[in-house]
Each structure stands twice: as C-alpha cells, then as structure tokens.
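Chemist: Contents are mmCIF, C-alpha atoms and all ligand atoms; file name final08.cif:
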```
data_entry
loop_
_atom_site.label_atom_id
_atom_site.label_comp_id
_atom_site.auth_asym_id
_atom_site.auth_seq_id
_atom_site.Cartn_x
_atom_site.Cartn_y
_atom_site.Cartn_z
CA MET Z 25 -21.03 -52.48 -124.45
CA LYS Z 26 -24.59 -53.83 -123.98
CA PRO Z 27 -27.27 -52.10 -126.10
CA SER Z 28 -30.04 -50.40 -124.13
CA ALA Z 29 -33.47 -52.10 -124.02
CA ALA Z 30 -35.02 -49.17 -125.95
CA ARG Z 31 -32.39 -49.43 -128.68
CA THR Z 32 -32.88 -53.21 -128.93
CA LYS Z 33 -36.68 -52.74 -129.21
CA ARG Z 34 -36.19 -50.18 -132.02
CA ALA Z 35 -33.82 -52.57 -133.82
CA GLU Z 36 -36.36 -55.40 -133.45
CA SER Z 37 -39.17 -53.34 -134.98
CA ASP Z 38 -36.85 -52.27 -137.83
CA SER Z 39 -35.53 -55.76 -138.54
CA SER Z 40 -38.24 -56.68 -141.07
CA LYS Z 41 -37.56 -53.64 -143.30
CA GLY Z 42 -35.11 -54.09 -146.16
CA ARG Z 43 -32.00 -51.92 -146.14
CA PRO Z 44 -29.98 -51.01 -149.23
CA VAL Z 45 -26.34 -51.99 -149.59
CA SER Z 46 -25.40 -48.30 -149.74
CA ALA Z 47 -26.69 -47.73 -146.18
CA SER Z 48 -23.92 -49.83 -144.66
CA ARG Z 49 -21.08 -49.56 -147.20
CA THR Z 50 -17.89 -48.63 -145.39
CA GLU Z 51 -14.50 -47.32 -146.47
CA MET Z 52 -11.62 -47.23 -144.02
CA THR Z 53 -8.20 -45.74 -144.79
CA GLU Z 54 -5.06 -45.92 -142.64
CA LEU Z 55 -1.46 -44.85 -143.09
CA VAL Z 56 0.91 -47.83 -142.72
CA LEU Z 57 3.42 -47.00 -139.97
CA PRO Z 58 6.69 -48.78 -139.06
CA GLN Z 59 5.10 -50.46 -136.00
CA ASP Z 60 2.62 -52.22 -138.36
CA ALA Z 61 5.39 -53.77 -140.47
CA ASN Z 62 7.76 -56.73 -140.70
CA LEU Z 63 11.53 -56.39 -141.25
CA LEU Z 64 10.98 -55.99 -145.02
CA GLY Z 65 8.87 -52.89 -144.44
CA ASN Z 66 5.62 -54.59 -145.45
CA ILE Z 67 2.51 -54.53 -143.30
CA LEU Z 68 2.05 -57.69 -141.20
CA GLY Z 69 -0.67 -60.09 -142.35
CA GLY Z 70 -2.15 -60.11 -138.84
CA ARG Z 71 -2.53 -56.34 -138.90
CA VAL Z 72 -4.38 -56.56 -142.23
CA MET Z 73 -6.68 -59.23 -140.74
CA HIS Z 74 -7.39 -56.97 -137.75
CA LEU Z 75 -8.35 -54.08 -140.05
CA ILE Z 76 -10.50 -56.42 -142.20
CA ASP Z 77 -12.39 -57.53 -139.09
CA ILE Z 78 -13.01 -53.93 -138.01
CA ALA Z 79 -14.12 -52.67 -141.45
CA GLY Z 80 -16.39 -55.72 -141.86
CA ALA Z 81 -17.88 -55.33 -138.38
CA ILE Z 82 -18.69 -51.66 -139.03
CA ALA Z 83 -20.59 -52.56 -142.25
CA ALA Z 84 -22.45 -55.40 -140.44
CA HIS Z 85 -23.27 -53.17 -137.48
CA ARG Z 86 -24.56 -50.42 -139.79
CA HIS Z 87 -26.80 -52.93 -141.55
CA CYS Z 88 -28.09 -54.75 -138.47
CA HIS Z 89 -28.22 -51.80 -136.02
CA ARG Z 90 -27.12 -54.32 -133.40
CA GLN Z 91 -24.03 -55.65 -131.72
CA VAL Z 92 -22.39 -58.20 -134.02
CA VAL Z 93 -19.75 -60.89 -133.54
CA THR Z 94 -17.48 -62.46 -136.12
CA ALA Z 95 -18.58 -66.07 -136.70
CA SER Z 96 -16.16 -66.86 -139.52
CA VAL Z 97 -13.56 -65.50 -141.92
CA ASP Z 98 -13.05 -67.35 -145.21
CA HIS Z 99 -9.70 -68.23 -146.73
CA LEU Z 100 -7.36 -65.24 -147.38
CA ASP Z 101 -4.56 -64.76 -149.95
CA PHE Z 102 -2.27 -61.73 -149.85
CA LEU Z 103 -1.55 -60.86 -153.47
CA ASN Z 104 0.51 -57.66 -153.14
CA PRO Z 105 2.45 -56.22 -150.19
CA VAL Z 106 1.45 -52.93 -148.57
CA ARG Z 107 4.57 -50.90 -147.78
CA VAL Z 108 5.30 -48.59 -144.85
CA GLY Z 109 4.25 -45.11 -145.99
CA ASP Z 110 1.47 -46.45 -148.23
CA LEU Z 111 -2.18 -46.06 -147.43
CA ILE Z 112 -4.17 -49.22 -146.79
CA VAL Z 113 -7.75 -48.84 -148.03
CA LEU Z 114 -10.52 -51.24 -147.01
CA GLU Z 115 -13.91 -51.27 -148.72
CA ALA Z 116 -16.58 -53.30 -146.92
CA GLN Z 117 -20.12 -54.06 -147.96
CA VAL Z 118 -22.87 -56.44 -146.92
CA ASN Z 119 -23.29 -59.05 -149.67
CA ARG Z 120 -26.28 -60.84 -148.23
CA ALA Z 121 -28.39 -61.02 -145.10
CA PHE Z 122 -29.54 -64.46 -143.95
CA HIS Z 123 -31.60 -65.10 -140.79
CA THR Z 124 -29.39 -63.93 -137.92
CA SER Z 125 -26.18 -63.52 -139.91
CA VAL Z 126 -24.80 -61.42 -142.75
CA GLU Z 127 -21.94 -62.03 -145.16
CA VAL Z 128 -19.68 -59.00 -145.60
CA GLY Z 129 -17.09 -58.72 -148.37
CA VAL Z 130 -13.99 -56.62 -147.66
CA GLU Z 131 -11.66 -55.60 -150.46
CA VAL Z 132 -8.23 -54.38 -149.45
CA PHE Z 133 -5.99 -52.10 -151.53
CA SER Z 134 -2.60 -50.51 -151.10
CA GLU Z 135 -2.37 -46.94 -152.29
CA ASP Z 136 0.86 -45.14 -153.06
CA SER Z 137 -0.57 -41.67 -153.16
CA LEU Z 138 2.65 -40.00 -154.42
CA ALA Z 139 2.74 -42.24 -157.49
CA GLY Z 140 -1.07 -42.43 -157.66
CA VAL Z 141 -0.96 -46.24 -157.83
CA ARG Z 142 -3.59 -48.46 -156.22
CA LYS Z 143 -3.14 -52.24 -156.04
CA HIS Z 144 -5.53 -54.94 -154.91
CA THR Z 145 -4.11 -56.82 -151.91
CA THR Z 146 -6.84 -59.24 -150.87
CA THR Z 147 -10.56 -59.91 -150.70
CA ALA Z 148 -12.08 -61.34 -147.53
CA PHE Z 149 -15.53 -62.75 -146.82
CA LEU Z 150 -16.69 -62.65 -143.22
CA THR Z 151 -19.85 -63.83 -141.49
CA PHE Z 152 -21.16 -61.71 -138.64
CA VAL Z 153 -23.98 -62.75 -136.32
CA ALA Z 154 -26.25 -60.12 -134.78
CA LEU Z 155 -26.95 -60.47 -131.05
CA ASP Z 156 -29.81 -59.26 -128.87
CA ASN Z 157 -29.19 -57.75 -125.47
CA LEU Z 158 -29.00 -61.22 -123.88
CA GLY Z 159 -26.24 -62.20 -126.29
CA ASN Z 160 -28.43 -64.55 -128.38
CA PRO Z 161 -28.48 -64.57 -132.20
CA SER Z 162 -31.17 -62.20 -133.39
CA PRO Z 163 -32.89 -61.67 -136.80
CA VAL Z 164 -31.24 -59.21 -139.18
CA PRO Z 165 -33.02 -56.91 -141.66
CA PRO Z 166 -33.21 -58.13 -145.28
CA LEU Z 167 -30.77 -56.61 -147.78
CA THR Z 168 -32.20 -54.77 -150.78
CA VAL Z 169 -30.02 -55.37 -153.83
CA LYS Z 170 -30.39 -53.18 -156.91
CA SER Z 171 -27.38 -53.05 -159.21
CA ARG Z 172 -26.08 -55.96 -161.29
CA ASP Z 173 -22.96 -56.09 -159.08
CA GLU Z 174 -25.04 -56.23 -155.89
CA ARG Z 175 -27.17 -59.03 -157.34
CA ARG Z 176 -24.04 -60.98 -158.35
CA ARG Z 177 -22.56 -60.61 -154.85
CA TYR Z 178 -25.89 -61.71 -153.33
CA ARG Z 179 -25.97 -64.85 -155.49
CA GLU Z 180 -22.33 -65.73 -154.83
CA ALA Z 181 -22.77 -65.19 -151.08
CA GLY Z 182 -25.49 -67.90 -151.14
CA ASN Z 183 -23.08 -70.36 -152.77
CA ARG Z 184 -20.30 -69.52 -150.31
CA ARG Z 185 -22.66 -69.96 -147.35
CA GLU Z 186 -23.58 -73.47 -148.52
CA ALA Z 187 -19.92 -74.42 -148.82
CA ARG Z 188 -19.06 -72.78 -145.48
CA LEU Z 189 -21.82 -74.44 -143.50
CA SER Z 190 -21.18 -77.84 -145.05
CA ARG Z 191 -17.57 -77.56 -143.78
C1 LIG Z 201 -21.28 -66.99 -133.71
C2 LIG Z 201 -22.15 -67.49 -132.59
C3 LIG Z 201 -22.97 -66.34 -131.98
C4 LIG Z 201 -23.12 -68.54 -133.20
O1 LIG Z 201 -23.83 -69.08 -132.13
P1 LIG Z 201 -24.68 -70.43 -132.30
O2 LIG Z 201 -25.23 -70.80 -130.97
O3 LIG Z 201 -23.89 -71.42 -133.09
O4 LIG Z 201 -25.90 -69.88 -133.10
P2 LIG Z 201 -26.79 -70.59 -134.20
O5 LIG Z 201 -26.48 -72.03 -134.42
O6 LIG Z 201 -28.19 -70.19 -133.84
O7 LIG Z 201 -26.34 -69.81 -135.53
C5 LIG Z 201 -26.55 -68.40 -135.62
C6 LIG Z 201 -26.09 -67.96 -136.98
O8 LIG Z 201 -24.68 -68.08 -137.05
C7 LIG Z 201 -24.32 -68.76 -138.23
N1 LIG Z 201 -23.08 -69.46 -137.95
C8 LIG Z 201 -22.78 -70.18 -136.86
N2 LIG Z 201 -21.53 -70.65 -136.95
C9 LIG Z 201 -21.05 -70.23 -138.15
C10 LIG Z 201 -19.80 -70.38 -138.83
N3 LIG Z 201 -18.80 -71.08 -138.30
N4 LIG Z 201 -19.66 -69.79 -140.04
C11 LIG Z 201 -20.65 -69.07 -140.58
N5 LIG Z 201 -21.84 -68.87 -139.98
C12 LIG Z 201 -22.04 -69.46 -138.78
C13 LIG Z 201 -25.49 -69.71 -138.48
O9 LIG Z 201 -25.53 -70.13 -139.84
C14 LIG Z 201 -26.65 -68.80 -138.12
O10 LIG Z 201 -26.91 -67.91 -139.19
P3 LIG Z 201 -28.40 -67.73 -139.79
O11 LIG Z 201 -29.31 -67.52 -138.61
O12 LIG Z 201 -28.30 -66.50 -140.63
O13 LIG Z 201 -28.72 -68.98 -140.54
C15 LIG Z 201 -21.31 -68.19 -131.45
O14 LIG Z 201 -20.67 -69.35 -131.98
C16 LIG Z 201 -20.28 -67.27 -130.87
O15 LIG Z 201 -20.59 -66.44 -130.01
N6 LIG Z 201 -19.01 -67.39 -131.32
C17 LIG Z 201 -17.95 -66.50 -130.85
C18 LIG Z 201 -17.98 -65.18 -131.62
C19 LIG Z 201 -16.82 -64.30 -131.25
O16 LIG Z 201 -16.57 -64.04 -130.09
N7 LIG Z 201 -16.08 -63.84 -132.25
C20 LIG Z 201 -14.91 -63.03 -132.02
C21 LIG Z 201 -13.64 -63.82 -132.17
S1 LIG Z 201 -13.47 -65.07 -130.94
#
```
Here is the file; what I need is its structure written in the form of structure tokens.

Modeler:
Amino acid sequence: MKPSAARTKRAESDSSKGRPVSASRTEMTELVLPQDANLLGNILGGRVMHLIDIAGAIAAHRHCHRQVVTASVDHLDFLNPVRVGDLIVLEAQVNRAFHTSVEVGVEVFSEDSLAGVRKHTTTAFLTFVALDNLGNPSPVPPLTVKSRDERRRYREAGNRREARLSR
C-alpha cells in the first residue's frame, strides 16, 4: 500500500525529532499450531523467520512512520525448539537509527504456559530501510536512548553495521 502524500509530508516533518525506544517496542505472541510444525512437532525454522520479519517490521514502521523494507537479516541460530501447543513470543525493538535505515533486534522465546517455563530460542538483527512514496530510501528519525541497556544496544548496533556493510 502506497502512503498518501499528506502522510508522507507529516512523516518528513517529523523525521528530525528523536523518538524513544519505548515508542516502537513490539511484542507479538502466537500459539504454535500443527500446520506450523515439522514431523517432530517443532515449529519450522522458516515460520520463525517469517514471524521475526513481521515483528521487526512493525517496530521499524512504528519508529519511522513510513513504509519499510527488509534490507538484511543477520546470522540466526536456533537454540531451543518451540513445540506445538507452546506460545512463541517475539520481542522487537529498534537498536539504532542510521540515515535511512534502522537496526531492529528481535528476541524469540518459547513459552509453555502450563508449566510456566520460558526459553530463549534465538536473537535476530534485521536492517529495515524506510521508503518515501516514490519507493526511494528516506531519512528516519533519530532514536533517543536512555537506559544502560538501550545505550549498550545502540553501541553494539554500530559495530554490527560496520561488519555488515563491509561484507
Ligand atoms: C534495501 C534497498 C531499499 C536499498 O536500496 P539502495 O539503492 O541500495 O539504497 P542505498 O544504497 O541508498 O542504501 C539505503 C540504506 O540501506 C542500507 N543498506 C543497503 N543494503 C544493505 C544491506 N545489504 N544490509 C544492511 N543495510 C543495507 C544502506 O546502508 C543505507 O542505510 P543508511 O542510509 O542508514 O546508511 C533495496 O536494495 C531494496 O529495495 N531491496 C529489496 C528489499 C525487499 O524487497 N525486501 C523484502 C525481501 S525481498
């Protein structure tokens, strides 16, 4: 869907104002159903990647107030399976805003709500690029970081970007 000219203008005038991490933080929860799973009853890796992309895009879109596209997804390891009947919980937040792109971190957990057990499955780092209504990369608002954790993520996102772009 193309953004309207009025909405794009509003986003342009807002793009110089800093936005806090909390304004775009996103949590997504889904029940893992049999159609999401392999023959062992574990969610398929591709399904997890799809959910990571959606949760990350929502956080990026909330920060940028623009249409965004996924430019890259860093290396992923799946540390623990998520079983049919578990909840899969995705927590996404913008780590750093650059010029026309943002890095979003997505942490994925499995949650067995009957046993009350939550396990970390993977952490993903994605780069989204904001687009104007002609489909060209467009400046994103700065990110305001406050807490120690937000400052650490901001710093680390800078290091990852260097490595990513040099590849
Ligand atoms: C992502 C895309 C818009 C970048 O276009 P481009 O013409 O290379 O744009 P630029 O060179 O001006 O770069 C724009 C931004 O993207 C970033 N970028 C480009 N390629 C990147 C990559 N592989 N990884 C991380 N960031 C990348 C640049 O660093 C720049 O960020 P900055 O302005 O914050 O410094 C373009 O390659 C594209 O449309 N790709 C397809 C996106 C898509 O459809 N994704 C869904 C899955 S196919």

Chemist: Might I get the box with edges along x, y and z of the file that holds all atoms of range 61-67 of chain Z listed there, padded by 6 Å on every side, given as centre and edge lengths in Å to one decimal, as AutoDock Vina command-line options?

Modeler:
```
--center_x 7.0 --center_y -54.8 --center_z -143.0 --size_x 21.0 --size_y 15.8 --size_z 17.0
```

Chemist: Using only C-alpha atoms and all ligand atoms, pick whichever of Z:Asn119, Z:Thr50, Z:Thr94, Z:Glu127 has the shortest atom-to-atom distance to ligand LIG 201 (chain Z).

Modeler: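 Result for the nearest residue to ligand LIG 201 (chain Z): Z:Thr94.
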
Chemist: Identify which of the residues Z:Ala81, Z:Ile67, Z:Leu189, Z:Leu100 lies closest to ligand LIG 201 (chain Z), counting only C-alpha atoms and all ligand atoms when measuring atom-to-atom distances.

Modeler: Z:Leu189

Chemist: Can you build me a table of chain Z residues sitting at most 6 Å from ligand LIG 201 (chain Z), with the closest atom pair per residue and its distance in Å to one decimal, using all atoms listed in the file, sorted by chain and residue number, as CSV?

Modeler:
```
residue,atom,partner,partner_atom,distance
Z:Val93,CA,Z:LIG201,N7,4.9
Z:Thr94,CA,Z:LIG201,N7,4.3
Z:Ala95,CA,Z:LIG201,C1,4.1
Z:Ser96,CA,Z:LIG201,N4,4.6
Z:Phe122,CA,Z:LIG201,O12,4.1
Z:His123,CA,Z:LIG201,O12,3.6
Z:Thr124,CA,Z:LIG201,O11,3.7
Z:Ser125,CA,Z:LIG201,O12,3.7
Z:Thr151,CA,Z:LIG201,C11,5.4
Z:Val153,CA,Z:LIG201,O8,5.4
Z:Pro161,CA,Z:LIG201,C5,5.5
```

Chemist: Once you have the residues from the selection above, write them out as a PDB file, keeping the file's coordinate frame, restricted to C-alpha atoms.

Modeler:
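Generated output (again-v7.pdb):
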```pdb
ATOM      1  CA  VAL Z  93     -19.750 -60.890-133.540  1.00  0.00           C
ATOM      2  CA  THR Z  94     -17.480 -62.460-136.120  1.00  0.00           C
ATOM      3  CA  ALA Z  95     -18.580 -66.070-136.700  1.00  0.00           C
ATOM      4  CA  SER Z  96     -16.160 -66.860-139.520  1.00  0.00           C
ATOM      5  CA  PHE Z 122     -29.540 -64.460-143.950  1.00  0.00           C
ATOM      6  CA  HIS Z 123     -31.600 -65.100-140.790  1.00  0.00           C
ATOM      7  CA  THR Z 124     -29.390 -63.930-137.920  1.00  0.00           C
ATOM      8  CA  SER Z 125     -26.180 -63.520-139.910  1.00  0.00           C
ATOM      9  CA  THR Z 151     -19.850 -63.830-141.490  1.00  0.00           C
ATOM     10  CA  VAL Z 153     -23.980 -62.750-136.320  1.00  0.00           C
ATOM     11  CA  PRO Z 161     -28.480 -64.570-132.200  1.00  0.00           C
TER      12      PRO Z 161
END
```

Chemist: Taking only C-alpha atoms into account, name the residue in Z:Leu57, Z:Arg120, Z:Ala139, Z:Ala154 that is nearest to Arg175 in chain Z.

Modeler: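 Ranking Z:Leu57, Z:Arg120, Z:Ala139, Z:Ala154 by distance to Arg175 in chain Z, first place goes to Z:Arg120.
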
Chemist: Using only C-alpha atoms, pick whichever of Z:Val126, Z:Ala116, Z:Ala181, Z:Glu174 has the shortest atom-to-atom distance to Thr53 in chain Z.

Modeler: Z:Ala116
